[in-house]
>>> print(open('input-v6.cif').read())   # mmCIF, N, CA and C atoms and all ligand atoms
data_input
#
loop_
_atom_site.label_atom_id
_atom_site.label_comp_id
_atom_site.auth_asym_id
_atom_site.auth_seq_id
_atom_site.Cartn_x
_atom_site.Cartn_y
_atom_site.Cartn_z
N MET I 1 156.38 84.54 161.49
CA MET I 1 155.35 85.59 161.58
C MET I 1 154.83 85.69 163.01
N LYS I 2 154.71 86.93 163.50
CA LYS I 2 154.22 87.13 164.87
C LYS I 2 153.12 88.20 164.84
N ILE I 3 152.01 87.89 165.47
CA ILE I 3 150.84 88.77 165.40
C ILE I 3 150.58 89.41 166.77
N ALA I 4 150.31 90.72 166.75
CA ALA I 4 149.85 91.42 167.95
C ALA I 4 148.33 91.53 167.83
N ILE I 5 147.61 91.02 168.82
CA ILE I 5 146.15 91.02 168.73
C ILE I 5 145.54 91.77 169.91
N GLY I 6 144.44 92.48 169.66
CA GLY I 6 143.77 93.20 170.73
C GLY I 6 142.34 93.50 170.39
N SER I 7 141.54 93.72 171.41
CA SER I 7 140.13 94.07 171.20
C SER I 7 139.64 94.89 172.38
N ASP I 8 138.50 95.54 172.19
CA ASP I 8 137.80 96.10 173.35
C ASP I 8 136.81 95.03 173.85
N HIS I 9 135.95 95.41 174.78
CA HIS I 9 135.00 94.45 175.37
C HIS I 9 134.06 93.86 174.32
N ALA I 10 133.65 94.69 173.35
CA ALA I 10 132.72 94.21 172.32
C ALA I 10 133.39 93.17 171.42
N GLY I 11 134.68 93.30 171.27
CA GLY I 11 135.41 92.38 170.40
C GLY I 11 135.99 91.19 171.13
N PHE I 12 135.86 91.19 172.46
CA PHE I 12 136.52 90.14 173.26
C PHE I 12 136.14 88.71 172.83
N PRO I 13 134.85 88.37 172.69
CA PRO I 13 134.53 86.98 172.31
C PRO I 13 135.12 86.59 170.95
N LEU I 14 135.10 87.49 170.00
CA LEU I 14 135.67 87.17 168.68
C LEU I 14 137.18 87.04 168.79
N LYS I 15 137.80 87.89 169.62
CA LYS I 15 139.26 87.78 169.81
C LYS I 15 139.63 86.39 170.32
N GLU I 16 138.84 85.88 171.26
CA GLU I 16 139.15 84.55 171.81
C GLU I 16 139.05 83.48 170.71
N ALA I 17 138.05 83.61 169.84
CA ALA I 17 137.89 82.65 168.73
C ALA I 17 139.05 82.78 167.74
N VAL I 18 139.46 84.02 167.48
CA VAL I 18 140.58 84.26 166.56
C VAL I 18 141.87 83.68 167.12
N LYS I 19 142.07 83.79 168.42
CA LYS I 19 143.27 83.23 169.05
C LYS I 19 143.33 81.71 168.82
N LYS I 20 142.17 81.06 168.99
CA LYS I 20 142.13 79.60 168.77
C LYS I 20 142.48 79.27 167.31
N HIS I 21 141.96 80.11 166.40
CA HIS I 21 142.23 79.91 164.97
C HIS I 21 143.73 80.06 164.69
N LEU I 22 144.35 81.07 165.27
CA LEU I 22 145.79 81.29 165.05
C LEU I 22 146.59 80.12 165.62
N GLU I 23 146.15 79.63 166.78
CA GLU I 23 146.84 78.48 167.39
C GLU I 23 146.77 77.27 166.46
N LYS I 24 145.57 77.03 165.89
CA LYS I 24 145.40 75.89 164.96
C LYS I 24 146.32 76.03 163.75
N LYS I 25 146.50 77.27 163.30
CA LYS I 25 147.35 77.52 162.14
C LYS I 25 148.84 77.51 162.50
N GLY I 26 149.12 77.49 163.78
CA GLY I 26 150.52 77.53 164.22
C GLY I 26 151.14 78.91 164.12
N VAL I 27 150.29 79.95 164.16
CA VAL I 27 150.78 81.33 164.08
C VAL I 27 150.99 81.88 165.50
N GLU I 28 152.17 82.40 165.74
CA GLU I 28 152.51 82.95 167.06
C GLU I 28 151.82 84.30 167.25
N TYR I 29 151.31 84.56 168.45
CA TYR I 29 150.67 85.85 168.70
C TYR I 29 150.89 86.27 170.15
N LYS I 30 150.68 87.58 170.38
CA LYS I 30 150.63 88.10 171.76
C LYS I 30 149.32 88.84 171.92
N ASP I 31 148.62 88.56 172.98
CA ASP I 31 147.32 89.19 173.27
C ASP I 31 147.53 90.44 174.12
N PHE I 32 147.19 91.60 173.55
CA PHE I 32 147.35 92.88 174.25
C PHE I 32 146.07 93.29 174.99
N GLY I 33 145.14 92.35 175.16
CA GLY I 33 143.91 92.65 175.88
C GLY I 33 142.84 93.18 174.96
N THR I 34 141.68 93.48 175.46
CA THR I 34 141.26 93.38 176.83
C THR I 34 141.02 91.90 177.18
N TYR I 35 140.89 91.63 178.44
CA TYR I 35 140.85 90.22 178.87
C TYR I 35 139.50 89.79 179.43
N SER I 36 138.48 90.61 179.25
CA SER I 36 137.13 90.23 179.70
C SER I 36 136.11 91.09 178.94
N GLN I 37 134.84 90.88 179.23
CA GLN I 37 133.81 91.68 178.56
C GLN I 37 133.45 92.93 179.36
N GLU I 38 134.27 93.24 180.36
CA GLU I 38 134.06 94.48 181.13
C GLU I 38 134.39 95.68 180.23
N SER I 39 133.56 96.70 180.29
CA SER I 39 133.69 97.84 179.38
C SER I 39 135.07 98.49 179.47
N CYS I 40 135.64 98.79 178.31
CA CYS I 40 136.93 99.49 178.26
C CYS I 40 136.92 100.40 177.03
N ASP I 41 138.01 101.14 176.83
CA ASP I 41 138.06 102.12 175.74
C ASP I 41 138.98 101.63 174.62
N TYR I 42 138.40 101.47 173.41
CA TYR I 42 139.16 100.88 172.30
C TYR I 42 140.43 101.65 171.92
N PRO I 43 140.52 103.00 172.12
CA PRO I 43 141.79 103.65 171.72
C PRO I 43 142.99 103.14 172.52
N ASP I 44 142.76 102.75 173.77
CA ASP I 44 143.88 102.26 174.60
C ASP I 44 144.49 100.99 174.00
N ILE I 45 143.63 100.08 173.57
CA ILE I 45 144.09 98.81 172.99
C ILE I 45 144.70 99.06 171.61
N ALA I 46 144.03 99.92 170.83
CA ALA I 46 144.53 100.24 169.49
C ALA I 46 145.95 100.78 169.57
N LYS I 47 146.17 101.67 170.52
CA LYS I 47 147.50 102.29 170.68
C LYS I 47 148.56 101.24 171.02
N ASP I 48 148.26 100.36 171.97
CA ASP I 48 149.24 99.34 172.38
C ASP I 48 149.60 98.42 171.22
N VAL I 49 148.58 97.96 170.48
CA VAL I 49 148.84 97.05 169.36
C VAL I 49 149.57 97.79 168.23
N ALA I 50 149.16 99.01 167.95
CA ALA I 50 149.79 99.78 166.86
C ALA I 50 151.26 100.06 167.18
N LEU I 51 151.55 100.42 168.41
CA LEU I 51 152.95 100.68 168.79
C LEU I 51 153.78 99.40 168.73
N ALA I 52 153.15 98.27 169.08
CA ALA I 52 153.85 96.98 169.03
C ALA I 52 154.20 96.62 167.59
N VAL I 53 153.28 96.88 166.67
CA VAL I 53 153.54 96.61 165.25
C VAL I 53 154.60 97.58 164.73
N LYS I 54 154.46 98.84 165.11
CA LYS I 54 155.42 99.86 164.66
C LYS I 54 156.83 99.53 165.13
N SER I 55 156.95 98.94 166.29
CA SER I 55 158.28 98.63 166.86
C SER I 55 159.03 97.60 166.02
N GLY I 56 158.30 96.85 165.20
CA GLY I 56 158.93 95.85 164.36
C GLY I 56 158.96 94.46 165.00
N GLU I 57 158.54 94.39 166.26
CA GLU I 57 158.55 93.09 166.94
C GLU I 57 157.47 92.17 166.37
N PHE I 58 156.40 92.77 165.84
CA PHE I 58 155.29 91.99 165.31
C PHE I 58 155.13 92.25 163.82
N THR I 59 154.84 91.19 163.07
CA THR I 59 154.67 91.31 161.62
C THR I 59 153.39 92.08 161.30
N PHE I 60 152.31 91.69 161.97
CA PHE I 60 151.00 92.31 161.74
C PHE I 60 150.25 92.44 163.05
N GLY I 61 149.20 93.28 163.01
CA GLY I 61 148.28 93.39 164.13
C GLY I 61 146.88 92.98 163.71
N ILE I 62 146.11 92.49 164.66
CA ILE I 62 144.68 92.24 164.43
C ILE I 62 143.94 92.97 165.55
N LEU I 63 143.00 93.85 165.18
CA LEU I 63 142.25 94.63 166.17
C LEU I 63 140.76 94.43 165.96
N ILE I 64 140.04 94.25 167.04
CA ILE I 64 138.61 93.98 166.96
C ILE I 64 137.86 94.84 167.96
N CYS I 65 136.86 95.57 167.49
CA CYS I 65 135.91 96.23 168.40
C CYS I 65 134.51 95.87 167.90
N GLY I 66 133.50 96.62 168.32
CA GLY I 66 132.14 96.27 167.91
C GLY I 66 131.96 96.36 166.40
N THR I 67 132.36 97.50 165.85
CA THR I 67 132.24 97.72 164.41
C THR I 67 133.56 97.60 163.68
N GLY I 68 134.66 97.71 164.40
CA GLY I 68 136.00 97.78 163.79
C GLY I 68 136.37 99.21 163.41
N ILE I 69 135.39 100.10 163.51
CA ILE I 69 135.62 101.48 163.04
C ILE I 69 136.50 102.26 164.02
N GLY I 70 136.05 102.33 165.27
CA GLY I 70 136.80 103.13 166.26
C GLY I 70 138.22 102.64 166.43
N ILE I 71 138.39 101.34 166.50
CA ILE I 71 139.72 100.78 166.79
C ILE I 71 140.65 100.96 165.58
N SER I 72 140.10 100.97 164.36
CA SER I 72 140.95 101.22 163.19
C SER I 72 141.30 102.70 163.07
N ILE I 73 140.34 103.55 163.36
CA ILE I 73 140.64 105.00 163.33
C ILE I 73 141.76 105.31 164.31
N ALA I 74 141.64 104.77 165.52
CA ALA I 74 142.65 105.04 166.56
C ALA I 74 144.02 104.50 166.15
N ALA I 75 144.07 103.28 165.65
CA ALA I 75 145.36 102.67 165.26
C ALA I 75 146.03 103.49 164.16
N ASN I 76 145.22 104.03 163.26
CA ASN I 76 145.79 104.80 162.14
C ASN I 76 146.38 106.14 162.57
N LYS I 77 146.20 106.53 163.83
CA LYS I 77 146.83 107.76 164.34
C LYS I 77 148.29 107.54 164.67
N VAL I 78 148.72 106.27 164.74
CA VAL I 78 150.13 105.98 165.01
C VAL I 78 150.88 106.04 163.68
N ARG I 79 151.90 106.88 163.63
CA ARG I 79 152.68 107.08 162.42
C ARG I 79 153.23 105.74 161.89
N GLY I 80 153.03 105.49 160.62
CA GLY I 80 153.55 104.25 160.03
C GLY I 80 152.56 103.10 160.04
N ILE I 81 151.43 103.32 160.71
CA ILE I 81 150.42 102.25 160.77
C ILE I 81 149.42 102.42 159.63
N ARG I 82 149.12 101.28 159.00
CA ARG I 82 148.08 101.24 157.97
C ARG I 82 147.10 100.16 158.38
N ALA I 83 146.09 100.58 159.12
CA ALA I 83 145.08 99.64 159.62
C ALA I 83 143.91 99.62 158.64
N ALA I 84 143.54 98.42 158.20
CA ALA I 84 142.46 98.27 157.22
C ALA I 84 141.27 97.55 157.86
N LEU I 85 140.13 98.18 157.78
CA LEU I 85 138.89 97.57 158.29
C LEU I 85 138.30 96.70 157.18
N CYS I 86 138.26 95.40 157.38
CA CYS I 86 137.82 94.47 156.33
C CYS I 86 136.74 93.53 156.85
N HIS I 87 135.67 93.43 156.07
CA HIS I 87 134.59 92.51 156.41
C HIS I 87 134.32 91.54 155.27
N ASP I 88 135.28 91.44 154.35
CA ASP I 88 135.18 90.46 153.26
C ASP I 88 136.60 90.08 152.85
N THR I 89 136.73 88.93 152.22
CA THR I 89 138.08 88.42 151.90
C THR I 89 138.72 89.20 150.75
N PHE I 90 137.91 89.73 149.82
CA PHE I 90 138.47 90.52 148.71
C PHE I 90 139.20 91.73 149.26
N SER I 91 138.55 92.45 150.19
CA SER I 91 139.18 93.64 150.78
C SER I 91 140.43 93.26 151.57
N ALA I 92 140.37 92.12 152.26
CA ALA I 92 141.52 91.71 153.07
C ALA I 92 142.74 91.45 152.19
N LYS I 93 142.52 90.79 151.03
CA LYS I 93 143.63 90.54 150.10
C LYS I 93 144.16 91.86 149.56
N ALA I 94 143.25 92.75 149.16
CA ALA I 94 143.66 94.03 148.58
C ALA I 94 144.35 94.91 149.61
N ALA I 95 143.93 94.80 150.85
CA ALA I 95 144.56 95.60 151.92
C ALA I 95 146.05 95.27 152.02
N ARG I 96 146.40 94.01 151.80
CA ARG I 96 147.82 93.63 151.81
C ARG I 96 148.45 93.96 150.45
N ALA I 97 147.81 93.52 149.37
CA ALA I 97 148.41 93.64 148.03
C ALA I 97 148.59 95.09 147.59
N HIS I 98 147.60 95.93 147.87
CA HIS I 98 147.63 97.30 147.37
C HIS I 98 148.05 98.32 148.45
N ASN I 99 147.61 98.10 149.67
CA ASN I 99 147.82 99.12 150.71
C ASN I 99 148.94 98.76 151.69
N ASN I 100 149.49 97.57 151.54
CA ASN I 100 150.51 97.09 152.48
C ASN I 100 150.06 97.29 153.93
N ALA I 101 148.80 96.98 154.16
CA ALA I 101 148.23 97.15 155.51
C ALA I 101 149.03 96.32 156.50
N ASN I 102 149.30 96.92 157.66
CA ASN I 102 150.02 96.17 158.69
C ASN I 102 149.13 95.83 159.89
N ILE I 103 147.90 96.30 159.86
CA ILE I 103 146.91 95.90 160.87
C ILE I 103 145.59 95.59 160.17
N LEU I 104 144.99 94.48 160.56
CA LEU I 104 143.65 94.10 160.08
C LEU I 104 142.66 94.40 161.20
N ALA I 105 141.65 95.20 160.91
CA ALA I 105 140.61 95.51 161.89
C ALA I 105 139.29 94.87 161.46
N MET I 106 138.53 94.39 162.44
CA MET I 106 137.23 93.79 162.14
C MET I 106 136.23 94.16 163.23
N GLY I 107 134.96 94.07 162.89
CA GLY I 107 133.89 94.38 163.83
C GLY I 107 133.16 93.13 164.27
N ALA I 108 133.20 92.86 165.56
CA ALA I 108 132.60 91.63 166.09
C ALA I 108 131.07 91.68 166.04
N ARG I 109 130.51 92.90 165.93
CA ARG I 109 129.05 93.01 165.85
C ARG I 109 128.59 93.02 164.39
N VAL I 110 129.55 92.86 163.48
CA VAL I 110 129.24 92.94 162.05
C VAL I 110 129.35 91.56 161.39
N ILE I 111 130.39 90.81 161.74
CA ILE I 111 130.62 89.51 161.10
C ILE I 111 130.74 88.41 162.16
N GLY I 112 130.59 87.18 161.71
CA GLY I 112 130.71 86.02 162.61
C GLY I 112 132.13 85.46 162.62
N GLU I 113 132.32 84.46 163.47
CA GLU I 113 133.65 83.87 163.66
C GLU I 113 134.21 83.24 162.38
N GLY I 114 133.33 82.53 161.65
CA GLY I 114 133.78 81.82 160.45
C GLY I 114 134.35 82.77 159.41
N LEU I 115 133.59 83.83 159.13
CA LEU I 115 134.05 84.81 158.14
C LEU I 115 135.30 85.54 158.65
N ALA I 116 135.32 85.88 159.93
CA ALA I 116 136.49 86.57 160.49
C ALA I 116 137.75 85.74 160.27
N CYS I 117 137.66 84.44 160.48
CA CYS I 117 138.84 83.58 160.31
C CYS I 117 139.24 83.48 158.85
N GLU I 118 138.26 83.45 157.94
CA GLU I 118 138.60 83.43 156.51
C GLU I 118 139.26 84.74 156.09
N ILE I 119 138.79 85.84 156.66
CA ILE I 119 139.38 87.16 156.36
C ILE I 119 140.84 87.19 156.84
N ILE I 120 141.06 86.66 158.02
CA ILE I 120 142.44 86.61 158.55
C ILE I 120 143.32 85.77 157.63
N ASP I 121 142.82 84.61 157.21
CA ASP I 121 143.60 83.74 156.32
C ASP I 121 143.96 84.47 155.02
N ALA I 122 142.99 85.18 154.46
CA ALA I 122 143.22 85.92 153.21
C ALA I 122 144.26 87.02 153.42
N PHE I 123 144.15 87.71 154.53
CA PHE I 123 145.07 88.81 154.85
C PHE I 123 146.50 88.28 155.00
N LEU I 124 146.65 87.21 155.77
CA LEU I 124 147.98 86.69 156.07
C LEU I 124 148.63 86.01 154.85
N ALA I 125 147.80 85.53 153.92
CA ALA I 125 148.33 84.82 152.75
C ALA I 125 148.71 85.75 151.61
N SER I 126 148.36 87.02 151.71
CA SER I 126 148.59 87.95 150.59
C SER I 126 149.83 88.80 150.82
N ASN I 127 150.48 89.12 149.72
CA ASN I 127 151.71 89.92 149.79
C ASN I 127 151.54 91.26 149.09
N PHE I 128 152.27 92.25 149.56
CA PHE I 128 152.26 93.59 148.95
C PHE I 128 152.85 93.50 147.55
N GLU I 129 152.17 94.15 146.59
CA GLU I 129 152.61 94.08 145.19
C GLU I 129 153.64 95.14 144.84
N GLY I 130 153.80 96.17 145.68
CA GLY I 130 154.80 97.21 145.42
C GLY I 130 154.46 98.01 144.17
N GLY I 131 155.50 98.48 143.45
CA GLY I 131 155.29 99.22 142.21
C GLY I 131 154.49 100.49 142.45
N ARG I 132 153.44 100.68 141.65
CA ARG I 132 152.62 101.90 141.76
C ARG I 132 151.97 101.99 143.14
N HIS I 133 151.75 100.84 143.75
CA HIS I 133 151.13 100.85 145.08
C HIS I 133 152.09 101.39 146.13
N GLN I 134 153.38 101.13 145.94
CA GLN I 134 154.38 101.68 146.87
C GLN I 134 154.35 103.21 146.83
N ARG I 135 154.25 103.76 145.61
CA ARG I 135 154.21 105.23 145.46
C ARG I 135 153.02 105.80 146.24
N ARG I 136 151.90 105.12 146.15
CA ARG I 136 150.68 105.61 146.81
C ARG I 136 150.78 105.49 148.32
N VAL I 137 151.35 104.37 148.78
CA VAL I 137 151.54 104.19 150.23
C VAL I 137 152.51 105.27 150.74
N ASP I 138 153.56 105.53 149.96
CA ASP I 138 154.52 106.59 150.36
C ASP I 138 153.79 107.93 150.52
N LYS I 139 152.84 108.18 149.62
CA LYS I 139 152.10 109.46 149.69
C LYS I 139 151.23 109.54 150.94
N ILE I 140 150.75 108.40 151.41
CA ILE I 140 149.98 108.39 152.67
C ILE I 140 150.87 108.91 153.79
N HIS I 141 152.11 108.41 153.82
CA HIS I 141 152.99 108.79 154.93
C HIS I 141 153.57 110.18 154.75
N LEU I 142 153.58 110.68 153.53
CA LEU I 142 153.95 112.08 153.31
C LEU I 142 152.93 112.99 153.99
N ILE I 143 151.67 112.60 153.95
CA ILE I 143 150.63 113.39 154.61
C ILE I 143 150.93 113.47 156.10
N GLU I 144 151.37 112.32 156.70
CA GLU I 144 151.75 112.34 158.12
C GLU I 144 152.89 113.34 158.35
N ASP I 145 153.90 113.28 157.49
CA ASP I 145 155.07 114.15 157.65
C ASP I 145 154.68 115.62 157.57
N GLU I 146 153.72 115.92 156.70
CA GLU I 146 153.30 117.31 156.53
C GLU I 146 152.61 117.87 157.78
N GLN I 147 152.15 116.98 158.64
CA GLN I 147 151.42 117.42 159.85
C GLN I 147 152.36 117.72 161.01
N ARG I 148 153.64 117.43 160.85
CA ARG I 148 154.59 117.59 161.97
C ARG I 148 154.76 119.05 162.35
C1 LIG Q 201 131.59 99.84 172.12
O1 LIG Q 201 130.26 99.90 172.53
C2 LIG Q 201 131.68 100.25 170.64
O2 LIG Q 201 131.41 101.60 170.50
C3 LIG Q 201 133.05 99.92 170.09
O3 LIG Q 201 133.28 98.56 170.25
C4 LIG Q 201 133.28 100.18 168.61
O4 LIG Q 201 132.24 99.66 167.85
C5 LIG Q 201 133.61 101.57 168.26
O5 LIG Q 201 133.88 101.91 167.11
#
>>> encode(input="input-v6.cif", output="structure tokens", more="lines below")
Ligand code: RB5
Amino acid sequence: MKIAIGSDHAGFPLKEAVKKHLEKKGVEYKDFGTYSQESCDYPDIAKDVALAVKSGEFTFGILICGTGIGISIAANKVRGIRAALCHDTFSAKAARAHNNANILAMGARVIGEGLACEIIDAFLASNFEGGRHQRRVDKIHLIEDEQR
């Protein structure tokens, strides 16, 4: 498993904590920035991580901004990306099991490090259930196709 991780300035401190957590778990990752708390624009990071996940080189992405909202909205503009904003472990499990989410988004101004790491663990440990959920995920991407 290989994770693409990124944040804006607001998410930077939580991203650093998440990196340590992934290292402890032995999960390989690549940090797509940002690399300091200097102000930057979350769509730039969202795009880089989303394209990296879309390329197939990375199993999942983790994106963090202040609320998780802007960075998840931006990531979801990349065709084939299903970014789920999760601030609890139930949603994180369902995001994988039902939505086959390929990016987990979180808000560093909303949750603390401990919960963020538990959410990541829940997300990474859950598998897509397929079946009726596959049909629904397919319909999400049909909407993308209709916009071409
Ligand atoms: C940055 O101030 C903040 O707007 C951003 O991190 C995020 O919360 C946007 O959705």
>>> closest_atom_pairs(input="input-v6.cif", of="chain I", to="ligand LIG 201 (chain Q)", cutoff="7 Å", atoms="only N, CA and C atoms and all ligand atoms", output="CSV")
residue,atom,partner,partner_atom,distance
I:Asp8,CA,Q:LIG201,O3,6.0
I:His9,N,Q:LIG201,O3,6.1
I:Ala10,CA,Q:LIG201,O3,4.8
I:Gly11,N,Q:LIG201,O3,5.5
I:Tyr42,N,Q:LIG201,C3,6.5
I:Ile64,C,Q:LIG201,O3,6.3
I:Cys65,C,Q:LIG201,O3,3.8
I:Gly66,N,Q:LIG201,O3,2.7
I:Thr67,N,Q:LIG201,O4,2.9
I:Gly68,N,Q:LIG201,O4,4.6
I:Ile69,C,Q:LIG201,O5,4.1
I:Gly70,N,Q:LIG201,O5,2.9
I:Ile71,N,Q:LIG201,O5,4.6
I:Ser72,N,Q:LIG201,O5,6.9
I:Gly107,CA,Q:LIG201,O4,6.8
>>> closest_residue(input="input-v6.cif", among="I:Lys30, I:Val53, I:Ser36, I:His141", to="Pro13 in chain I", atoms="all atoms listed in the file")
I:Ser36
>>> closest_residue(input="input-v6.cif", among="I:Arg82, I:Lys93, I:Lys2, I:Lys19", to="Glu57 in chain I", atoms="all atoms listed in the file")
I:Lys2
>>> closest_residue(input="input-v6.cif", among="I:Ala108, I:Ser7, I:Lys139, I:Asn102", to="Gly80 in chain I", atoms="only N, CA and C atoms")
I:Asn102
>>> select_by_dssp(input="input-v6.cif", residues="chain I", states="helix (DSSP H, G or I)", output="count of residues only")
71
>>> atom_distance(input="input-v6.cif", atom1="CA of Gly6 in chain I", atom2="CA of Gly33 in chain I")
5.2 Å
>>> residues_around(input="input-v6.cif", residues="Ile143 in chain I", least_positions_apart="6", cutoff="12 Å", atoms="only C-alpha atoms", output="number ranges by chain")
I: 77, 79-80, 136-137
>>> closest_residue(input="input-v6.cif", among="I:His87, I:Arg96, I:Lys25, I:Lys20", to="Ser126 in chain I", atoms="all atoms listed in the file")
I:Arg96
>>> select_by_dssp(input="input-v6.cif", residues="chain I", states="strand (DSSP E)", output="list of chain:residue names")
I:Lys2, I:Ile3, I:Ala4, I:Ile5, I:Gly6, I:Ser7, I:Glu28, I:Tyr29, I:Lys30, I:Asp31, I:Phe60, I:Gly61, I:Ile62, I:Leu63, I:Ile64, I:Cys65, I:Ala83, I:Ala84, I:Leu85, I:Ile103, I:Leu104, I:Ala105, I:Met106, I:Gly107
>>> atom_distance(input="input-v6.cif", atom1="CA of Glu118 in chain I", atom2="atom N of Ile3 in chain I")
16.7 Å
>>> residues_around(input="input-v6.cif", residues="Ala97 in chain I", least_positions_apart="2", cutoff="8 Å", atoms="all atoms listed in the file", output="ChimeraX atom specification")
/I:91-95,99-101,123,126-130,133-134
>>> write_last_selection(input="input-v6.cif", atoms="N, CA and C atoms", output="compact mmCIF listing (two decimals), in the coordinates of the input")
# COMPACT_ATOMS: atom_id res chain seq x y z
N SER I 91 138.55 92.45 150.19
CA SER I 91 139.18 93.64 150.78
C SER I 91 140.43 93.26 151.57
N ALA I 92 140.37 92.12 152.26
CA ALA I 92 141.52 91.71 153.07
C ALA I 92 142.74 91.45 152.19
N LYS I 93 142.52 90.79 151.03
CA LYS I 93 143.63 90.54 150.10
C LYS I 93 144.16 91.86 149.56
N ALA I 94 143.25 92.75 149.16
CA ALA I 94 143.66 94.03 148.58
C ALA I 94 144.35 94.91 149.61
N ALA I 95 143.93 94.80 150.85
CA ALA I 95 144.56 95.60 151.92
C ALA I 95 146.05 95.27 152.02
N ASN I 99 147.61 98.10 149.67
CA ASN I 99 147.82 99.12 150.71
C ASN I 99 148.94 98.76 151.69
N ASN I 100 149.49 97.57 151.54
CA ASN I 100 150.51 97.09 152.48
C ASN I 100 150.06 97.29 153.93
N ALA I 101 148.80 96.98 154.16
CA ALA I 101 148.23 97.15 155.51
C ALA I 101 149.03 96.32 156.50
N PHE I 123 144.15 87.71 154.53
CA PHE I 123 145.07 88.81 154.85
C PHE I 123 146.50 88.28 155.00
N SER I 126 148.36 87.02 151.71
CA SER I 126 148.59 87.95 150.59
C SER I 126 149.83 88.80 150.82
N ASN I 127 150.48 89.12 149.72
CA ASN I 127 151.71 89.92 149.79
C ASN I 127 151.54 91.26 149.09
N PHE I 128 152.27 92.25 149.56
CA PHE I 128 152.26 93.59 148.95
C PHE I 128 152.85 93.50 147.55
N GLU I 129 152.17 94.15 146.59
CA GLU I 129 152.61 94.08 145.19
C GLU I 129 153.64 95.14 144.84
N GLY I 130 153.80 96.17 145.68
CA GLY I 130 154.80 97.21 145.42
C GLY I 130 154.46 98.01 144.17
N HIS I 133 151.75 100.84 143.75
CA HIS I 133 151.13 100.85 145.08
C HIS I 133 152.09 101.39 146.13
N GLN I 134 153.38 101.13 145.94
CA GLN I 134 154.38 101.68 146.87
C GLN I 134 154.35 103.21 146.83
>>> closest_residue(input="input-v6.cif", among="I:Glu16, I:Gly56, I:Met1, I:Asp48", to="Tyr29 in chain I", atoms="all atoms listed in the file")
I:Met1
>>> closest_residue(input="input-v6.cif", among="I:Lys15, I:Phe58, I:Ala50, I:Arg109", to="Ala83 in chain I", atoms="only C-alpha atoms")
I:Ala50
>>> build_atoms(input="input-v6.cif", residues="range 60-64 of chain I", atoms="all heavy atoms", output="PDB file, in the coordinates of the input")
ATOM      1  N   PHE I  60     152.310  91.690 161.970  1.00  0.00           N
ATOM      2  CA  PHE I  60     151.000  92.310 161.740  1.00  0.00           C
ATOM      3  C   PHE I  60     150.250  92.440 163.050  1.00  0.00           C
ATOM      4  O   PHE I  60     150.593  91.784 164.046  1.00  0.00           O
ATOM      5  CB  PHE I  60     150.140  91.443 160.798  1.00  0.00           C
ATOM      6  CG  PHE I  60     150.716  91.260 159.432  1.00  0.00           C
ATOM      7  CD1 PHE I  60     151.081  90.001 158.979  1.00  0.00           C
ATOM      8  CD2 PHE I  60     150.896  92.344 158.582  1.00  0.00           C
ATOM      9  CE1 PHE I  60     151.626  89.814 157.717  1.00  0.00           C
ATOM     10  CE2 PHE I  60     151.438  92.169 157.314  1.00  0.00           C
ATOM     11  CZ  PHE I  60     151.804  90.898 156.886  1.00  0.00           C
ATOM     12  N   GLY I  61     149.200  93.280 163.010  1.00  0.00           N
ATOM     13  CA  GLY I  61     148.280  93.390 164.130  1.00  0.00           C
ATOM     14  C   GLY I  61     146.880  92.980 163.710  1.00  0.00           C
ATOM     15  O   GLY I  61     146.527  93.101 162.519  1.00  0.00           O
ATOM     16  N   ILE I  62     146.110  92.490 164.660  1.00  0.00           N
ATOM     17  CA  ILE I  62     144.680  92.240 164.430  1.00  0.00           C
ATOM     18  C   ILE I  62     143.940  92.970 165.550  1.00  0.00           C
ATOM     19  O   ILE I  62     144.246  92.754 166.739  1.00  0.00           O
ATOM     20  CB  ILE I  62     144.342  90.738 164.446  1.00  0.00           C
ATOM     21  CG1 ILE I  62     145.049  90.007 163.296  1.00  0.00           C
ATOM     22  CG2 ILE I  62     142.821  90.520 164.354  1.00  0.00           C
ATOM     23  CD1 ILE I  62     144.852  88.488 163.282  1.00  0.00           C
ATOM     24  N   LEU I  63     143.000  93.850 165.180  1.00  0.00           N
ATOM     25  CA  LEU I  63     142.250  94.630 166.170  1.00  0.00           C
ATOM     26  C   LEU I  63     140.760  94.430 165.960  1.00  0.00           C
ATOM     27  O   LEU I  63     140.274  94.451 164.814  1.00  0.00           O
ATOM     28  CB  LEU I  63     142.589  96.120 166.026  1.00  0.00           C
ATOM     29  CG  LEU I  63     143.941  96.557 166.588  1.00  0.00           C
ATOM     30  CD1 LEU I  63     144.243  97.996 166.178  1.00  0.00           C
ATOM     31  CD2 LEU I  63     143.963  96.426 168.114  1.00  0.00           C
ATOM     32  N   ILE I  64     140.040  94.250 167.040  1.00  0.00           N
ATOM     33  CA  ILE I  64     138.610  93.980 166.960  1.00  0.00           C
ATOM     34  C   ILE I  64     137.860  94.840 167.960  1.00  0.00           C
ATOM     35  O   ILE I  64     138.206  94.878 169.146  1.00  0.00           O
ATOM     36  CB  ILE I  64     138.318  92.486 167.261  1.00  0.00           C
ATOM     37  CG1 ILE I  64     139.136  91.575 166.328  1.00  0.00           C
ATOM     38  CG2 ILE I  64     136.830  92.183 167.121  1.00  0.00           C
ATOM     39  CD1 ILE I  64     139.160  90.106 166.759  1.00  0.00           C
TER      40      ILE I  64
END
